[in-house]
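Student: Contents of input-v9.cif (mmCIF, C-alpha atoms):
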```
data_work
loop_
_atom_site.label_atom_id
_atom_site.label_comp_id
_atom_site.auth_asym_id
_atom_site.auth_seq_id
_atom_site.Cartn_x
_atom_site.Cartn_y
_atom_site.Cartn_z
CA MET A 228 30.30 -35.20 82.33
CA LYS A 229 28.24 -32.16 81.42
CA THR A 230 26.36 -30.18 84.01
CA THR A 231 22.62 -30.41 83.38
CA CYS A 232 20.60 -27.24 83.67
CA ILE A 233 17.28 -25.58 83.07
CA ILE A 234 16.62 -21.96 82.14
CA VAL A 235 13.80 -20.08 83.81
CA GLU A 236 13.47 -16.87 81.81
CA ASP A 237 10.51 -15.00 80.35
CA ILE A 238 12.49 -13.04 77.74
CA GLN A 239 13.10 -15.20 74.69
CA ILE A 240 16.22 -13.34 73.48
CA ALA A 241 17.83 -13.74 76.91
CA ALA A 242 17.00 -17.45 76.97
CA ASP A 243 18.34 -17.91 73.44
CA PHE A 244 21.63 -16.30 74.43
CA LEU A 245 21.92 -18.65 77.38
CA LYS A 246 21.19 -21.70 75.24
CA LYS A 247 23.78 -20.58 72.72
CA PHE A 248 26.39 -19.97 75.42
CA CYS A 249 25.70 -23.36 77.05
CA GLU A 250 26.10 -25.12 73.71
CA LYS A 251 29.23 -23.16 72.82
CA SER A 252 30.89 -23.95 76.16
CA GLY A 253 30.39 -27.71 75.80
CA LEU A 254 30.16 -27.77 79.61
CA VAL A 255 26.42 -27.44 80.15
CA GLU A 256 23.46 -29.34 78.74
CA VAL A 257 20.12 -27.51 78.67
CA LYS A 258 17.27 -29.81 79.70
CA GLY A 259 14.53 -27.24 79.36
CA HIS A 260 13.50 -23.63 79.12
CA PHE A 261 10.52 -22.31 81.09
CA LEU A 262 8.88 -18.94 80.75
CA ASN A 263 7.53 -18.89 84.30
CA VAL A 264 8.05 -20.34 87.76
CA PRO A 265 5.00 -22.70 87.94
CA ASP A 266 6.02 -24.50 84.72
CA ALA A 267 9.59 -24.83 85.99
CA LEU A 268 8.39 -26.25 89.31
CA VAL A 269 6.32 -28.90 87.53
CA PHE A 270 9.48 -30.00 85.69
CA LEU A 271 11.55 -29.88 88.88
CA ASP A 272 9.09 -32.21 90.59
CA GLU A 273 10.36 -35.03 88.40
CA HIS A 274 13.79 -33.91 87.28
CA LYS A 275 16.75 -32.72 89.25
CA PRO A 276 19.08 -30.71 87.04
CA ASP A 277 22.44 -29.75 88.54
CA LEU A 278 22.01 -26.07 87.81
CA ILE A 279 19.23 -23.52 87.36
CA PHE A 280 19.67 -20.26 85.45
CA LEU A 281 17.01 -18.22 87.14
CA ASP A 282 15.55 -14.87 86.19
CA VAL A 283 14.09 -12.90 89.08
CA GLU A 284 11.32 -10.73 87.64
CA MET A 285 8.81 -12.81 85.73
CA PRO A 286 5.04 -12.64 85.36
CA GLY A 287 3.33 -14.22 88.35
CA ALA A 288 5.78 -15.75 90.79
CA ASN A 289 9.35 -14.43 90.90
CA GLY A 290 12.64 -16.31 90.99
CA PHE A 291 12.99 -16.17 94.78
CA GLN A 292 9.61 -17.89 95.14
CA LEU A 293 11.00 -20.74 93.05
CA LEU A 294 13.98 -20.95 95.40
CA ASP A 295 11.60 -21.12 98.37
CA SER A 296 9.78 -24.05 96.75
CA LEU A 297 12.80 -26.18 95.87
CA THR A 298 12.97 -29.63 97.43
CA TYR A 299 16.69 -30.16 96.72
CA SER A 300 19.78 -27.97 96.44
CA PRO A 301 20.86 -27.37 92.86
CA LYS A 302 23.44 -24.74 91.93
CA ILE A 303 21.77 -21.44 91.17
CA ILE A 304 22.89 -18.67 88.86
CA LEU A 305 20.61 -15.66 89.02
CA THR A 306 20.20 -13.81 85.75
CA THR A 307 18.64 -10.40 86.12
CA SER A 308 19.08 -6.86 84.90
CA LYS A 309 18.58 -5.37 88.36
CA THR A 310 21.56 -5.03 90.69
CA GLU A 311 19.18 -4.43 93.61
CA TYR A 312 18.71 -8.17 93.96
CA ALA A 313 22.35 -8.77 94.87
CA PHE A 314 21.64 -8.71 98.61
CA ASP A 315 18.72 -11.13 98.30
CA ALA A 316 20.92 -13.32 96.14
CA PHE A 317 23.44 -13.64 98.94
CA GLN A 318 20.77 -14.36 101.50
CA TYR A 319 19.64 -17.26 99.32
CA HIS A 320 23.27 -18.42 98.90
CA VAL A 321 23.05 -18.43 95.13
CA ASN A 322 26.24 -19.47 93.40
CA ASP A 323 26.54 -16.52 91.07
CA TYR A 324 24.74 -13.49 89.78
CA LEU A 325 24.77 -12.50 86.11
CA LYS A 326 23.57 -9.05 85.15
CA LYS A 327 21.76 -9.14 81.79
CA PRO A 328 22.84 -8.73 79.12
CA PHE A 329 26.11 -10.53 79.80
CA THR A 330 28.88 -11.66 77.48
CA TYR A 331 30.09 -15.20 76.82
CA LYS A 332 33.25 -14.43 78.80
CA ARG A 333 31.23 -13.54 81.89
CA PHE A 334 29.01 -16.60 81.37
CA LEU A 335 32.05 -18.86 81.22
CA GLU A 336 33.51 -17.38 84.40
CA SER A 337 30.25 -18.16 86.13
CA ILE A 338 30.13 -21.76 84.88
CA HIS A 339 33.72 -22.32 85.94
CA LYS A 340 32.88 -20.95 89.37
CA VAL A 341 29.88 -23.27 89.71
CA GLN A 342 31.84 -26.28 88.49
CA GLY A 343 34.79 -25.46 90.71
CA LEU A 344 37.11 -25.09 87.73
CA PRO A 345 39.87 -22.50 87.54
CA ALA A 346 38.82 -19.24 85.94
CA PRO A 347 39.01 -19.27 82.11
CA GLY A 348 42.44 -18.39 80.80
CA THR A 349 44.27 -19.33 83.98
CA GLY A 350 45.52 -22.63 82.57
CA PRO A 351 44.96 -26.24 83.54
CA THR A 352 44.59 -27.32 87.15
CA PRO A 353 47.87 -28.63 88.53
CA SER A 354 47.81 -32.20 89.84
CA THR A 355 48.65 -30.94 93.35
CA PRO A 356 45.50 -29.33 94.73
CA SER A 357 45.74 -25.64 95.53
CA PRO A 358 44.51 -24.43 98.96
CA SER A 359 41.23 -23.34 97.38
CA ASP A 360 40.57 -26.91 96.12
CA ILE A 361 40.49 -28.35 99.63
CA ASP A 362 37.27 -27.73 101.48
CA PHE A 363 38.70 -27.87 105.00
CA LEU A 364 41.69 -26.70 107.00
CA PHE A 365 43.34 -27.71 110.27
CA ILE A 366 43.94 -25.14 112.97
CA LYS A 367 45.67 -25.61 116.28
CA SER A 368 43.33 -24.69 119.09
CA ASP A 369 43.39 -25.78 122.75
CA ASP A 370 46.42 -28.04 122.15
CA LYS A 371 44.76 -30.05 119.44
CA LEU A 372 44.43 -29.85 115.67
CA VAL A 373 40.85 -29.07 114.79
CA ARG A 374 39.46 -29.82 111.34
CA LEU A 375 37.34 -26.89 110.18
CA LYS A 376 35.11 -27.05 107.11
CA LYS A 377 35.63 -23.89 105.11
CA ASP A 378 31.89 -23.68 104.46
CA ASP A 379 31.29 -23.45 108.22
CA ILE A 380 33.50 -20.42 108.74
CA LEU A 381 31.52 -17.20 109.07
CA PHE A 382 34.51 -14.90 109.42
CA MET A 383 37.98 -14.55 110.91
CA GLU A 384 39.21 -11.77 113.13
CA SER A 385 42.80 -10.82 113.75
CA MET A 386 43.79 -10.54 117.43
CA ARG A 387 47.44 -9.45 117.27
CA ASP A 388 49.34 -12.79 117.12
CA TYR A 389 46.16 -14.84 117.12
CA VAL A 390 43.28 -15.36 114.72
CA LYS A 391 39.74 -15.95 115.90
CA PHE A 392 37.60 -18.26 113.72
CA VAL A 393 33.88 -17.77 114.12
CA THR A 394 31.54 -20.59 113.06
CA PRO A 395 27.79 -20.84 113.72
CA GLY A 396 28.24 -23.01 116.81
CA LYS A 397 31.70 -22.27 118.11
CA THR A 398 34.62 -19.87 118.15
CA TYR A 399 38.21 -21.05 117.84
CA VAL A 400 41.39 -19.09 118.53
CA THR A 401 44.66 -20.12 116.97
CA TYR A 402 48.19 -18.77 117.06
CA SER A 403 48.60 -17.40 113.53
CA THR A 404 48.26 -14.29 111.43
CA LEU A 405 45.39 -13.21 109.23
CA LYS A 406 47.75 -12.98 106.26
CA SER A 407 48.82 -16.59 106.60
CA MET A 408 45.18 -17.69 106.93
CA GLU A 409 44.27 -15.68 103.85
CA GLU A 410 46.89 -17.66 101.90
CA LYS A 411 45.69 -20.97 103.33
CA LEU A 412 42.04 -20.35 102.52
CA GLY A 413 42.26 -19.06 98.97
CA GLY A 414 39.18 -19.62 96.81
CA PRO A 415 36.37 -17.32 95.81
CA SER A 416 34.39 -17.54 99.07
CA PHE A 417 36.72 -15.56 101.29
CA ILE A 418 37.62 -11.92 101.09
CA LYS A 419 39.50 -9.54 103.33
CA VAL A 420 37.15 -6.65 104.08
CA HIS A 421 39.21 -4.94 106.78
CA ARG A 422 42.79 -5.18 108.01
CA SER A 423 41.43 -7.28 110.90
CA TYR A 424 38.69 -9.27 109.16
CA ILE A 425 38.29 -11.93 106.48
CA ILE A 426 34.70 -12.96 105.77
CA ASN A 427 32.98 -15.82 104.00
CA ILE A 428 30.90 -13.98 101.37
CA ASN A 429 28.36 -16.80 101.25
CA LYS A 430 27.42 -16.06 104.85
CA ILE A 431 26.61 -12.36 104.46
CA ASP A 432 23.11 -11.58 105.72
CA ASP A 433 23.05 -7.95 104.71
CA ILE A 434 25.17 -4.88 104.22
CA ARG A 435 24.30 -1.54 105.73
CA GLY A 436 26.58 1.32 104.79
CA ASN A 437 30.10 0.18 105.53
CA THR A 438 29.12 -2.64 107.84
CA ILE A 439 28.53 -6.26 106.91
CA TYR A 440 26.23 -8.36 109.07
CA VAL A 441 26.92 -12.06 109.42
CA GLN A 442 24.61 -13.93 111.79
CA GLY A 443 24.33 -11.01 114.18
CA ASN A 444 27.99 -10.01 113.98
CA ALA A 445 28.77 -6.53 112.66
CA ILE A 446 31.94 -6.45 110.58
CA PRO A 447 33.42 -3.14 109.40
CA VAL A 448 34.47 -2.73 105.78
CA GLY A 449 37.78 -0.87 105.45
CA LYS A 450 38.00 1.98 102.98
CA GLY A 451 40.72 0.25 100.95
CA HIS A 452 38.67 -2.94 100.64
CA ARG A 453 35.34 -1.48 99.48
CA GLU A 454 36.09 -1.52 95.77
CA GLU A 455 37.23 -5.14 95.72
CA LEU A 456 34.24 -6.20 97.82
CA ALA A 457 31.80 -4.43 95.49
CA ALA A 458 33.45 -6.09 92.49
CA ARG A 459 33.29 -9.52 94.12
CA LEU A 460 29.62 -9.07 94.98
CA ASN A 461 28.82 -7.76 91.49
CA LEU A 462 27.64 -4.49 92.98
CA GLN A 463 29.56 -2.20 90.63
CA MET B 1110 34.65 -1.96 25.05
CA ASP B 1111 37.36 -3.59 22.92
CA LYS B 1112 39.94 -1.69 24.85
CA TYR B 1113 38.74 -3.29 28.14
CA LEU B 1114 38.58 -6.78 26.61
CA ILE B 1115 42.15 -6.48 25.34
CA ARG B 1116 43.34 -5.21 28.69
CA TYR B 1117 41.53 -8.08 30.51
CA SER B 1118 42.96 -10.68 28.11
CA VAL B 1119 46.51 -9.37 28.56
CA TYR B 1120 46.05 -9.31 32.32
CA MET B 1121 44.82 -12.94 32.38
CA GLN B 1122 47.67 -14.10 30.10
CA PHE B 1123 50.14 -12.41 32.40
CA LEU B 1124 48.64 -14.15 35.46
CA ALA B 1125 48.62 -17.51 33.67
CA TYR B 1126 52.28 -16.99 32.80
CA ILE B 1127 53.44 -16.25 36.35
CA TYR B 1128 51.06 -18.49 38.41
CA THR B 1129 49.81 -22.07 38.22
CA LEU B 1130 46.02 -22.52 38.55
CA ASN B 1131 46.35 -23.59 42.22
CA GLU B 1132 48.45 -20.57 43.10
CA PHE B 1133 45.96 -18.33 41.38
CA VAL B 1134 43.04 -19.82 43.36
CA ILE B 1135 44.94 -19.36 46.63
CA ILE B 1136 45.73 -15.73 45.83
CA LYS B 1137 42.10 -15.08 44.92
CA LEU B 1138 40.92 -16.67 48.20
CA GLN B 1139 43.41 -14.64 50.22
CA PHE B 1140 42.18 -11.51 48.47
CA LEU B 1141 38.57 -12.34 49.33
CA MET B 1142 39.42 -13.12 52.96
CA ASN B 1143 41.30 -9.86 53.33
CA LYS B 1144 38.38 -8.07 51.75
CA THR B 1145 36.04 -9.58 54.36
CA ARG B 1146 38.32 -8.54 57.22
CA SER B 1147 38.69 -4.98 56.04
CA ASP B 1148 34.93 -4.80 55.48
CA HIS B 1149 34.24 -4.98 59.22
CA PHE B 1150 30.63 -4.29 60.26
CA VAL B 1151 30.34 -1.07 62.23
CA PHE B 1152 27.26 -0.62 64.41
CA HIS B 1153 25.23 2.61 64.47
CA GLU B 1154 26.77 5.39 66.58
CA ARG B 1155 23.79 5.44 68.96
CA LEU B 1156 24.51 1.82 69.92
CA ASN B 1157 27.17 0.69 72.39
CA ALA B 1158 29.44 -0.80 69.74
CA THR B 1159 32.12 -1.92 72.22
CA PHE B 1160 29.60 -3.97 74.15
CA LEU B 1161 28.02 -5.39 70.99
CA GLU B 1162 31.45 -6.47 69.72
CA GLU B 1163 31.98 -8.31 72.99
CA LEU B 1164 28.47 -9.76 73.02
CA PHE B 1165 28.46 -11.09 69.45
CA GLU B 1166 32.23 -11.67 69.14
CA GLY B 1167 32.09 -10.74 65.46
CA ASP B 1168 29.24 -13.15 64.72
CA THR B 1169 27.16 -10.85 62.52
CA ILE B 1170 24.83 -13.70 61.54
CA TYR B 1171 23.82 -14.10 65.17
CA ALA B 1172 23.60 -10.32 65.57
CA GLU B 1173 21.15 -10.30 62.66
CA THR B 1174 19.04 -12.98 64.38
CA VAL B 1175 19.00 -11.06 67.66
CA PHE B 1176 18.06 -7.78 65.94
CA GLU B 1177 15.29 -9.62 64.10
CA ASP B 1178 14.03 -11.14 67.38
CA PHE B 1179 14.14 -7.72 69.00
CA LEU B 1180 11.92 -6.30 66.24
CA ARG B 1181 9.61 -9.30 66.59
CA ASP B 1182 9.28 -9.04 70.41
CA LEU B 1183 9.36 -5.31 71.13
CA PRO B 1184 5.88 -4.40 69.75
CA ALA B 1185 4.15 -6.99 71.95
CA TYR B 1186 6.14 -5.96 75.03
CA TRP B 1187 5.50 -2.28 74.35
CA GLU B 1188 1.77 -2.92 73.97
CA ARG B 1189 1.81 -4.31 77.51
CA VAL B 1190 3.62 -1.15 78.62
CA GLN B 1191 0.95 1.04 77.04
CA MET B 1192 -1.90 -1.03 78.49
CA SER B 1193 -0.53 -0.83 82.01
CA TYR B 1194 0.05 2.92 81.59
CA GLN B 1195 -3.50 3.46 80.34
CA HIS B 1196 -4.87 1.46 83.27
CA LYS B 1197 -2.60 3.45 85.59
CA ASN B 1198 -1.26 0.19 87.00
CA LEU B 1199 2.15 1.50 88.05
CA PRO B 1200 3.59 -1.69 89.57
CA LEU B 1201 2.78 -3.56 86.36
CA LEU B 1202 4.05 -0.65 84.27
CA GLY B 1203 7.37 -0.88 86.13
CA THR B 1204 7.58 -4.62 85.46
CA ASN B 1205 6.78 -4.18 81.76
CA ILE B 1206 9.33 -1.39 81.38
CA HIS B 1207 11.83 -3.68 83.10
CA THR B 1208 11.30 -6.28 80.35
CA CYS B 1209 11.79 -3.69 77.59
CA LYS B 1210 14.91 -2.42 79.37
CA THR B 1211 16.45 -5.89 79.17
CA LEU B 1212 15.52 -6.14 75.51
CA PHE B 1213 17.17 -2.79 74.69
CA GLY B 1214 20.34 -4.08 76.33
CA TYR B 1215 20.69 -6.93 73.83
CA VAL B 1216 20.83 -4.51 70.89
CA GLY B 1217 23.27 -2.10 72.55
CA PHE B 1218 20.91 0.71 73.57
CA THR B 1219 22.72 1.37 76.83
CA ASP B 1220 21.37 4.92 77.21
CA LEU B 1221 17.79 3.78 76.71
CA GLN B 1222 18.35 1.02 79.22
CA GLU B 1223 19.36 3.66 81.77
CA LEU B 1224 16.32 5.76 80.93
CA CYS B 1225 14.08 2.71 81.40
CA GLN B 1226 15.76 2.00 84.75
CA GLU B 1227 15.05 5.56 85.93
CA PHE B 1228 11.44 5.30 84.80
CA GLU B 1229 11.07 1.89 86.42
CA ASN B 1230 12.29 3.32 89.74
CA LYS B 1231 9.86 6.24 89.44
CA CYS B 1232 6.94 3.84 88.94
CA ALA B 1233 7.33 2.84 92.58
CA LYS B 1234 7.13 6.44 93.82
CA HIS B 1235 4.88 8.41 91.47
CA THR B 1236 1.41 8.35 89.91
CA ALA B 1237 0.68 7.84 86.20
CA ASP B 1238 -0.30 11.50 85.89
CA GLU B 1239 3.01 12.62 87.39
CA LEU B 1240 4.88 10.47 84.91
CA GLN B 1241 2.97 11.68 81.84
CA ALA B 1242 5.77 13.83 80.38
CA GLU B 1243 8.42 11.21 81.06
CA PHE B 1244 6.30 8.47 79.56
CA ALA B 1245 5.87 10.57 76.41
CA THR B 1246 9.67 11.03 76.20
CA LEU B 1247 10.26 7.32 76.71
CA SER B 1248 7.68 6.44 74.04
CA ARG B 1249 9.36 8.80 71.58
CA LYS B 1250 12.80 7.38 72.31
CA LYS B 1251 11.47 3.83 71.97
CA GLN B 1252 10.10 4.78 68.55
CA GLU B 1253 13.47 6.23 67.49
CA ALA B 1254 15.25 3.14 68.80
CA GLN B 1255 12.95 0.82 66.91
CA HIS B 1256 13.62 2.76 63.72
CA ILE B 1257 17.39 2.56 64.23
CA ILE B 1258 17.22 -1.17 64.89
CA GLU B 1259 15.11 -1.70 61.77
CA ASN B 1260 17.83 0.02 59.74
CA GLU B 1261 20.60 -1.87 61.54
CA TYR B 1262 18.81 -5.14 60.91
CA ASN B 1263 18.59 -4.38 57.18
CA ARG B 1264 22.25 -3.34 57.10
CA LEU B 1265 23.26 -6.55 58.88
CA LYS B 1266 21.17 -8.58 56.48
CA ARG B 1267 22.84 -6.95 53.47
CA TYR B 1268 26.27 -7.35 55.07
CA ASN B 1269 25.68 -11.04 55.75
CA GLU B 1270 24.46 -11.57 52.20
CA GLY B 1271 27.79 -10.15 51.09
CA ALA B 1272 26.31 -7.10 49.40
#
```
Kindly present the structure from the file in structure tokens form.
Tutor:
Amino acid sequence: MKTTCIIVEDIQIAADFLKKFCEKSGLVEVKGHFLNVPDALVFLDEHKPDLIFLDVEMPGANGFQLLDSLTYSPKIILTTSKTEYAFDAFQYHVNDYLKKPFTYKRFLESIHKVQGLPAPGTGPTPSTPSPSDIDFLFIKSDDKLVRLKKDDILFMESMRDYVKFVTPGKTYVTYSTLKSMEEKLGGPSFIKVHRSYIININKIDDIRGNTIYVQGNAIPVGKGHREELAARLNLQ
Amino acid sequence: MDKYLIRYSVYMQFLAYIYTLNEFVIIKLQFLMNKTRSDHFVFHERLNATFLEELFEGDTIYAETVFEDFLRDLPAYWERVQMSYQHKNLPLLGTNIHTCKTLFGYVGFTDLQELCQEFENKCAKHTADELQAEFATLSRKKQEAQHIIENEYNRLKRYNEGA
């Protein structure tokens, strides 16, 4: 089944490109195009599309004001020509961030990410799910196997032969290595930012210099990991 | 004239002798297809041709549409830029320049996009009077860009018509 979407974009050429890309992909059905936030919100009062392509800077209200007014949780792809919004985008937990103008290839990558499909060109999904397809993992902590939802993990810290898992409500320590956990987690949400830290990029509150802040925890970014992190966060 | 007619007639008789009609049609089609491929559209040197190739993926018909839309939309957007500059409304000027910046991106004016970005950033820190010289430069470059896109649009149109 196709993903339904709306486009909130005040620049006609940009909206036309998106419509064309959606049609070409065969994966997304455009239910409407709105030039401003109030018109989009009127539509969203009655319809609940799966996905919103959302521009940030528009006359009147901006894209983040639309996000504040939403009454349900659709997937969000921000489309903007300003990289400065990347941090706000992560605070709002948007699914992806497309810098305009973007190519069809980049659009497709984004759609695949939103739909949980493998990246274009990486072949069909095998029938056996890969670690990144499963949204939980079991860790041994306090003599029992604990089921942890990947979405709940804020970050992991290496403690020699142990790994500490930090979630909003609790911290778990398990006998393992960070490397083995990195392999188990897989998926686009987790990234190693330091030899001792793996973080969930959806949980980043802000980044100051070479330190990432996740719910009050300061996590250093290692020199060798900065480039990959910037690429993953579309900051390059 | 007779000389050309005789040469043409001999040439056609020779082709009819060595090829059936179907073979001849196929050869002609292959020739035309090769001609199209070798006649690849090359964008103006001021434009980011690599990016445009990626953006349009060789679809020159769509490129023509986008260039036409650009020429349709830019004057109205630029009028808003001028109005906000005249009213010394810098926040609005920044927003309007931001829109034009996006528009320039879709026709491959990467350098102008960067210039717009710089100007947009300065709108948050300077007064209209302080930005007078830079606004004049930007206006001149916008004019040049519009002229280039007009020519590119006409070239694309001719190319797509097969001229």
Student: Got a sec to pull out which chain A residues are within 10 Å of chain B, counting all atoms listed in the file, and send them as a PyMOL selection string?
Tutor: chain A and resi 237-241+243-244+247+284-286+307-309+326-332
Student: Would you write out, as a count of residues only, every residue that the PyMOL selection byres ((chain B and resi 1268) around 12) captures in this file?
Tutor: 22
Student: Mind pulling up the distance from atom CA of A:Tyr324 to atom CA of A:Lys229?
Tutor: 20.8 Å
Student: List, as a list in words, every residue that the PyMOL selection byres ((chain A and resi 416) around 10) selects in the file provided.
Tutor: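 So the PyMOL selection byres ((chain A and resi 416) around 10) ends up selecting Ser359, Lys377, Asp378, Leu412, Gly413, Gly414, Pro415, Phe417, Ile418, Ile426, Asn427, Ile428, Asn429, Lys430 and Arg459 of chain A.
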Student: Would you write out those residues with C-alpha atoms, as a JSON list (two decimals), keeping the file's coordinate frame?
Tutor:
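Full text of out.json as output:
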```json
[["chain", "number", "residue", "atom", "x", "y", "z"],
["A", 359, "SER", "CA", 41.23, -23.34, 97.38],
["A", 377, "LYS", "CA", 35.63, -23.89, 105.11],
["A", 378, "ASP", "CA", 31.89, -23.68, 104.46],
["A", 412, "LEU", "CA", 42.04, -20.35, 102.52],
["A", 413, "GLY", "CA", 42.26, -19.06, 98.97],
["A", 414, "GLY", "CA", 39.18, -19.62, 96.81],
["A", 415, "PRO", "CA", 36.37, -17.32, 95.81],
["A", 417, "PHE", "CA", 36.72, -15.56, 101.29],
["A", 418, "ILE", "CA", 37.62, -11.92, 101.09],
["A", 426, "ILE", "CA", 34.70, -12.96, 105.77],
["A", 427, "ASN", "CA", 32.98, -15.82, 104.00],
["A", 428, "ILE", "CA", 30.90, -13.98, 101.37],
["A", 429, "ASN", "CA", 28.36, -16.80, 101.25],
["A", 430, "LYS", "CA", 27.42, -16.06, 104.85],
["A", 459, "ARG", "CA", 33.29, -9.52, 94.12]]
```
Student: If I take atom CA of B:Val1190 and atom CA of B:Ile1258, how far is one from the other in Å, to one decimal?
Tutor: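 These two atoms are separated by 19.3 Å.
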Student: Do you know which residues are at most 12 Å from stretch 395-403 of chain A counting all atoms listed in the file, after dropping those on the same chain fewer than 6 positions away, and could you put them as a PyMOL selection string?
Tutor: chain A and resi 365-376+378-389+409-411+430+441-444
Student: Work out how far atom CA of A:Thr306 is from atom CA of A:Asp282, in Å to one decimal.
Tutor: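 If I compute the distance from atom CA of A:Asp282 to atom CA of A:Thr306, I get 4.8 Å.
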Student: Using only C-alpha atoms, which residues sit within 10 Å of A:Thr298 once same-chain residues fewer than 3 positions away are excluded, as a list in words?
Tutor: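 Answer for this query is Leu268, Leu271, Asp272, Lys275, Leu294, Asp295 and Pro301 of chain A.
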Student: Name the residues that the PyMOL selection byres ((chain A and resi 338) around 10) pulls out of this structure, and write them as a VMD selection string.
Tutor: chain A and resid 230 249 252 254 to 255 278 304 322 to 323 333 to 337 339 to 344 346 to 347
Student: Compare A:Leu305, A:Tyr299, A:Asn289, A:Val390 by their minimum atom-to-atom distance to A:Glu273, counting only C-alpha atoms, and give me the closest one.
Tutor: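 Closest to A:Glu273, using only C-alpha atoms: A:Tyr299.
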Student: Box time for stretch 1248-1266 of chain B: axis-aligned, enclosing all its listed atoms, 4 Å extra on each side; report centre and edge lengths in Å to one decimal, as JSON.
Tutor:
```
{"center_x": 15.5, "center_y": 0.1, "center_z": 65.3, "size_x": 23.6, "size_y": 25.4, "size_z": 25.6}
```
